[in-house]
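Trainee: I'd like to ask you about the structure that follows.
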Amino acid sequence: MSALVASSAEQDKVQALQQTLYRAAKADPGRRFHALYDKVYRGDLLERAWVQVRRNNGAAGVDRVTVADVEVYGVRRFIDELAADLKEGRWRPAPTRRVLIPKPGSSSGQRPLSIPTVRDRVVQTAVKMVLESVFEADFLPCSVGFRPGLAVHDALQVLVDECWRGRRWVVETDIADCFSAIPHDRLMKAVEERVSDRHVLTWV
């Protein structure tokens, strides 16, 4: 019972951090955040990131370490060591393991998938949780894709609302090979409009 209460308290601290970042970003649309690095290696945030990674239970990366292996090693020990490596600047991402998976809707096509190590996925998730709190403040209510707490039904509700407002057209578009086609230099410039923390920008 006490572990459950402690876990709930840690979660509240993470939510408070995210709400603080969100409110600061919302209050000043031109603000650039320069002190985010120290948030990423917080033990409570890394623990929350671990919970998300564990829930997804993805495949092992190049080091062949699985989520189950981390649990055997000791989650607290794993998080403490990762936090120390991040804080001291020792953490470096490992190469990703590249695999080909069947392309949805295609009988012969395959698409490449890069699988980071469990350790790197925890760091990625922690960075995402911090950055998400900042960038959420800039999204329009009609932007739904890949946002926390929003799903397909929210997108459908946007369409219903727009129909009631008299809209009668829907335009569907798709970008071929989207993630490879995105110009990374311009994407980074867009991130830099809100983030000036060099450590975090280097990680991204």
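Residue numbering restarts at 1 in every chain; chains get A, B, ... in the order shown in the structure tokens, and ligands count up from 1 in that same order.
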Output as JSON lines one row per residue of range 87-176 of chain A within 10 Å of range 12-31 of chain A: the closest atom pair and its distance in Å to one decimal place, counting only C-alpha atoms, sorted by chain and residue number ascending.

Mentor:
{"residue": "A:Met129", "atom": "CA", "partner": "A:Gln18", "partner_atom": "CA", "distance": 7.6}
{"residue": "A:Val130", "atom": "CA", "partner": "A:Gln18", "partner_atom": "CA", "distance": 6.7}
{"residue": "A:Leu131", "atom": "CA", "partner": "A:Leu21", "partner_atom": "CA", "distance": 8.8}
{"residue": "A:Glu132", "atom": "CA", "partner": "A:Gln18", "partner_atom": "CA", "distance": 8.4}
{"residue": "A:Ser133", "atom": "CA", "partner": "A:Tyr22", "partner_atom": "CA", "distance": 4.9}
{"residue": "A:Val134", "atom": "CA", "partner": "A:Tyr22", "partner_atom": "CA", "distance": 5.2}
{"residue": "A:Phe135", "atom": "CA", "partner": "A:Ala25", "partner_atom": "CA", "distance": 7.6}
{"residue": "A:Glu136", "atom": "CA", "partner": "A:Tyr22", "partner_atom": "CA", "distance": 6.9}
{"residue": "A:Ala137", "atom": "CA", "partner": "A:Lys26", "partner_atom": "CA", "distance": 5.0}
{"residue": "A:Asp138", "atom": "CA", "partner": "A:Lys26", "partner_atom": "CA", "distance": 7.2}

Trainee: Limited to N, CA, C and O atoms, could you put the picked residues into a file as a PDB file, in the first residue's frame?

Mentor:
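As written to disk, out27.pdb reads:
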ATOM      1  N   MET A 129       8.298  13.624 -22.949  1.00  0.00           N
ATOM      2  CA  MET A 129       7.374  14.114 -21.928  1.00  0.00           C
ATOM      3  C   MET A 129       7.648  15.570 -21.573  1.00  0.00           C
ATOM      4  O   MET A 129       6.718  16.348 -21.323  1.00  0.00           O
ATOM      5  N   VAL A 130       8.916  15.958 -21.573  1.00  0.00           N
ATOM      6  CA  VAL A 130       9.277  17.345 -21.262  1.00  0.00           C
ATOM      7  C   VAL A 130       8.919  18.261 -22.438  1.00  0.00           C
ATOM      8  O   VAL A 130       8.273  19.299 -22.261  1.00  0.00           O
ATOM      9  N   LEU A 131       9.334  17.877 -23.643  1.00  0.00           N
ATOM     10  CA  LEU A 131       9.077  18.715 -24.818  1.00  0.00           C
ATOM     11  C   LEU A 131       7.588  18.814 -25.133  1.00  0.00           C
ATOM     12  O   LEU A 131       7.099  19.872 -25.531  1.00  0.00           O
ATOM     13  N   GLU A 132       6.878  17.717 -24.949  1.00  0.00           N
ATOM     14  CA  GLU A 132       5.444  17.686 -25.209  1.00  0.00           C
ATOM     15  C   GLU A 132       4.723  18.739 -24.380  1.00  0.00           C
ATOM     16  O   GLU A 132       3.803  19.406 -24.863  1.00  0.00           O
ATOM     17  N   SER A 133       5.155  18.919 -23.145  1.00  0.00           N
ATOM     18  CA  SER A 133       4.516  19.895 -22.255  1.00  0.00           C
ATOM     19  C   SER A 133       4.664  21.311 -22.797  1.00  0.00           C
ATOM     20  O   SER A 133       3.774  22.149 -22.628  1.00  0.00           O
ATOM     21  N   VAL A 134       5.788  21.570 -23.461  1.00  0.00           N
ATOM     22  CA  VAL A 134       6.034  22.903 -24.044  1.00  0.00           C
ATOM     23  C   VAL A 134       5.238  23.073 -25.330  1.00  0.00           C
ATOM     24  O   VAL A 134       4.513  24.059 -25.511  1.00  0.00           O
ATOM     25  N   PHE A 135       5.325  22.104 -26.237  1.00  0.00           N
ATOM     26  CA  PHE A 135       4.718  22.258 -27.562  1.00  0.00           C
ATOM     27  C   PHE A 135       3.209  22.076 -27.560  1.00  0.00           C
ATOM     28  O   PHE A 135       2.532  22.567 -28.469  1.00  0.00           O
ATOM     29  N   GLU A 136       2.669  21.385 -26.554  1.00  0.00           N
ATOM     30  CA  GLU A 136       1.212  21.245 -26.455  1.00  0.00           C
ATOM     31  C   GLU A 136       0.536  22.612 -26.415  1.00  0.00           C
ATOM     32  O   GLU A 136      -0.585  22.770 -26.888  1.00  0.00           O
ATOM     33  N   ALA A 137       1.214  23.581 -25.851  1.00  0.00           N
ATOM     34  CA  ALA A 137       0.634  24.925 -25.713  1.00  0.00           C
ATOM     35  C   ALA A 137       0.401  25.596 -27.066  1.00  0.00           C
ATOM     36  O   ALA A 137      -0.389  26.532 -27.171  1.00  0.00           O
ATOM     37  N   ASP A 138       1.093  25.124 -28.106  1.00  0.00           N
ATOM     38  CA  ASP A 138       1.017  25.770 -29.416  1.00  0.00           C
ATOM     39  C   ASP A 138       0.045  25.102 -30.382  1.00  0.00           C
ATOM     40  O   ASP A 138      -0.273  25.661 -31.427  1.00  0.00           O
TER      41      ASP A 138
END

Trainee: Neighbours of Arg92 in chain A within 9 Å (only C-alpha atoms; same-chain residues fewer than 6 positions away dropped), as a count of residues only?

Mentor: 4

Trainee: How far is it from CA of Ser143 in chain A to CA of Val170 in chain A, in Å with one decimal?

Mentor: 14.9 Å

Trainee: When you count only C-alpha atoms, which of these residues is closest to Ser180 in chain A: A:Val195, A:Gln157, A:Leu201, A:Arg111?

Mentor: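 Smallest separation from Ser180 in chain A among the options: A:Arg111.
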
Trainee: In range 28-115 of chain A, what's strand (DSSP E) per DSSP? Answer as a PyMOL selection string?

Mentor: chain A and resi 97-102+110-115

Trainee: Write out the residues from the selection above, keeping N, CA, C and O atoms, as a CSV table (one decimal), in the first residue's frame.

Mentor:
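Listed below is the output, selection_29.csv:
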chain,number,residue,atom,x,y,z
A,97,ARG,N,18.7,-1.0,-33.8
A,97,ARG,CA,18.6,-2.3,-34.5
A,97,ARG,C,17.6,-2.1,-35.7
A,97,ARG,O,16.5,-1.8,-35.4
A,98,ARG,N,18.1,-2.3,-36.9
A,98,ARG,CA,17.2,-2.1,-38.1
A,98,ARG,C,16.6,-3.4,-38.5
A,98,ARG,O,17.3,-4.4,-38.7
A,99,VAL,N,15.2,-3.4,-38.6
A,99,VAL,CA,14.5,-4.6,-39.1
A,99,VAL,C,13.5,-4.1,-40.2
A,99,VAL,O,13.1,-3.0,-40.2
A,100,LEU,N,13.1,-5.1,-41.0
A,100,LEU,CA,12.1,-4.8,-42.0
A,100,LEU,C,10.8,-5.4,-41.6
A,100,LEU,O,10.8,-6.6,-41.2
A,101,ILE,N,9.7,-4.7,-41.6
A,101,ILE,CA,8.4,-5.2,-41.2
A,101,ILE,C,7.4,-5.1,-42.4
A,101,ILE,O,7.6,-4.2,-43.3
A,102,PRO,N,6.4,-5.9,-42.5
A,102,PRO,CA,5.4,-5.8,-43.6
A,102,PRO,C,4.8,-4.4,-43.6
A,102,PRO,O,4.5,-3.9,-42.5
A,110,GLN,N,7.7,-3.8,-47.8
A,110,GLN,CA,8.2,-3.8,-46.4
A,110,GLN,C,8.7,-2.3,-46.1
A,110,GLN,O,9.1,-1.6,-47.0
A,111,ARG,N,8.7,-2.0,-44.8
A,111,ARG,CA,9.2,-0.7,-44.4
A,111,ARG,C,10.2,-1.0,-43.3
A,111,ARG,O,10.1,-1.9,-42.4
A,112,PRO,N,11.3,-0.1,-43.3
A,112,PRO,CA,12.3,-0.3,-42.2
A,112,PRO,C,11.9,0.2,-40.9
A,112,PRO,O,11.1,1.2,-40.8
A,113,LEU,N,12.3,-0.4,-39.8
A,113,LEU,CA,11.9,0.0,-38.5
A,113,LEU,C,13.2,0.0,-37.7
A,113,LEU,O,14.0,-1.0,-37.7
A,114,SER,N,13.5,1.1,-37.0
A,114,SER,CA,14.7,1.2,-36.2
A,114,SER,C,14.3,1.0,-34.7
A,114,SER,O,13.4,1.7,-34.2
A,115,ILE,N,14.9,0.0,-34.1
A,115,ILE,CA,14.6,-0.3,-32.7
A,115,ILE,C,15.7,0.1,-31.7
A,115,ILE,O,16.8,-0.4,-31.7

Trainee: Could you check the closest approach to Asp177 in chain A for each of A:Arg198, A:Pro95, A:Val118, A:Lys103 and tell me which residue wins, using only C-alpha atoms?

Mentor: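 Of A:Arg198, A:Pro95, A:Val118, A:Lys103, the one nearest Asp177 in chain A is A:Lys103, counting only C-alpha atoms.
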
Trainee: At what distance in Å, to one decimal, does CA of His199 in chain A lie from CA of Gln124 in chain A?

Mentor: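 According to the coordinates, CA of Gln124 in chain A and CA of His199 in chain A are separated by 13.2 Å.
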
Trainee: Looking at A:Cys163, A:Lys128, A:Phe33, A:Ala181, which one is nearest to Phe146 in chain A, with distances taken over only C-alpha atoms?

Mentor: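 The closest residue to Phe146 in chain A is A:Lys128.
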
Trainee: Report, in Å with one decimal, the straight-line distance from CA of Val40 in chain A to CA of Lys87 in chain A.

Mentor: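 CA of Val40 in chain A sits 9.0 Å away from CA of Lys87 in chain A.
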
Trainee: Can you tell me, as a ChimeraX atom specification, what residues are no more than 10 Å from Arg119 in chain A when counting only C-alpha atoms, ignoring any on the same chain fewer than 6 positions away?

Mentor: /A:50,53,60-61,63,65-67,70,78-79,82,91,93-94

Trainee: Let me see the file: selected residues, N, CA, C and O atoms, as an mmCIF file, in the first residue's frame.

Mentor:
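Result went into again.cif, see below:
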data_model
loop_
_atom_site.group_PDB
_atom_site.id
_atom_site.type_symbol
_atom_site.label_atom_id
_atom_site.label_comp_id
_atom_site.auth_asym_id
_atom_site.auth_seq_id
_atom_site.Cartn_x
_atom_site.Cartn_y
_atom_site.Cartn_z
ATOM 1 N N TRP A 50 9.853 4.943 -17.809
ATOM 2 C CA TRP A 50 10.033 3.489 -17.763
ATOM 3 C C TRP A 50 8.683 2.771 -17.811
ATOM 4 O O TRP A 50 8.513 1.785 -18.521
ATOM 5 N N VAL A 53 7.488 2.731 -21.332
ATOM 6 C CA VAL A 53 8.281 1.804 -22.145
ATOM 7 C C VAL A 53 7.902 0.362 -21.811
ATOM 8 O O VAL A 53 7.738 -0.472 -22.702
ATOM 9 N N ALA A 60 13.954 -5.981 -28.100
ATOM 10 C CA ALA A 60 15.271 -5.524 -27.630
ATOM 11 C C ALA A 60 16.003 -4.784 -28.752
ATOM 12 O O ALA A 60 15.748 -5.008 -29.936
ATOM 13 N N GLY A 61 16.916 -3.906 -28.353
ATOM 14 C CA GLY A 61 17.748 -3.198 -29.318
ATOM 15 C C GLY A 61 19.015 -3.965 -29.620
ATOM 16 O O GLY A 61 19.078 -5.187 -29.437
ATOM 17 N N ASP A 63 21.712 -4.166 -28.061
ATOM 18 C CA ASP A 63 22.345 -4.815 -26.893
ATOM 19 C C ASP A 63 21.607 -6.068 -26.447
ATOM 20 O O ASP A 63 22.046 -6.762 -25.527
ATOM 21 N N VAL A 65 19.057 -6.405 -24.726
ATOM 22 C CA VAL A 65 18.463 -6.315 -23.388
ATOM 23 C C VAL A 65 16.968 -6.055 -23.534
ATOM 24 O O VAL A 65 16.553 -5.111 -24.208
ATOM 25 N N THR A 66 16.156 -6.900 -22.899
ATOM 26 C CA THR A 66 14.706 -6.768 -22.968
ATOM 27 C C THR A 66 14.167 -6.057 -21.724
ATOM 28 O O THR A 66 14.896 -5.850 -20.744
ATOM 29 N N VAL A 67 12.895 -5.712 -21.774
ATOM 30 C CA VAL A 67 12.217 -5.132 -20.608
ATOM 31 C C VAL A 67 12.296 -6.105 -19.429
ATOM 32 O O VAL A 67 12.548 -5.702 -18.291
ATOM 33 N N VAL A 70 15.621 -5.966 -17.678
ATOM 34 C CA VAL A 70 15.745 -4.804 -16.791
ATOM 35 C C VAL A 70 15.072 -5.090 -15.458
ATOM 36 O O VAL A 70 15.595 -4.742 -14.399
ATOM 37 N N PHE A 78 18.424 0.366 -12.317
ATOM 38 C CA PHE A 78 18.489 0.777 -13.721
ATOM 39 C C PHE A 78 18.235 2.280 -13.862
ATOM 40 O O PHE A 78 18.980 3.000 -14.534
ATOM 41 N N ILE A 79 17.180 2.772 -13.191
ATOM 42 C CA ILE A 79 16.807 4.189 -13.287
ATOM 43 C C ILE A 79 17.861 5.071 -12.611
ATOM 44 O O ILE A 79 18.251 6.113 -13.149
ATOM 45 N N LEU A 82 20.906 5.251 -14.857
ATOM 46 C CA LEU A 82 20.612 6.053 -16.046
ATOM 47 C C LEU A 82 20.567 7.539 -15.690
ATOM 48 O O LEU A 82 21.131 8.380 -16.406
ATOM 49 N N TRP A 91 25.821 9.623 -20.755
ATOM 50 C CA TRP A 91 24.900 8.864 -21.602
ATOM 51 C C TRP A 91 25.104 9.208 -23.072
ATOM 52 O O TRP A 91 25.215 10.369 -23.452
ATOM 53 N N PRO A 93 23.459 7.690 -26.916
ATOM 54 C CA PRO A 93 22.535 6.709 -27.495
ATOM 55 C C PRO A 93 23.294 5.635 -28.264
ATOM 56 O O PRO A 93 24.284 5.925 -28.936
ATOM 57 N N ALA A 94 22.822 4.409 -28.136
ATOM 58 C CA ALA A 94 23.414 3.293 -28.883
ATOM 59 C C ALA A 94 22.842 3.290 -30.301
ATOM 60 O O ALA A 94 21.787 3.886 -30.555
#

Trainee: Could you tell me which of A:Val122, A:Tyr37, A:Trp164, A:Val51 comes closest to Gly89 in chain A if we count only C-alpha atoms?

Mentor: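 That would be A:Tyr37, the residue with the smallest distance to Gly89 in chain A.
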
Trainee: Measuring between only C-alpha atoms, which one of A:Arg90, A:His34, A:Arg77, A:Arg121 shows the shortest distance to Ala49 in chain A?

Mentor: A:Arg121
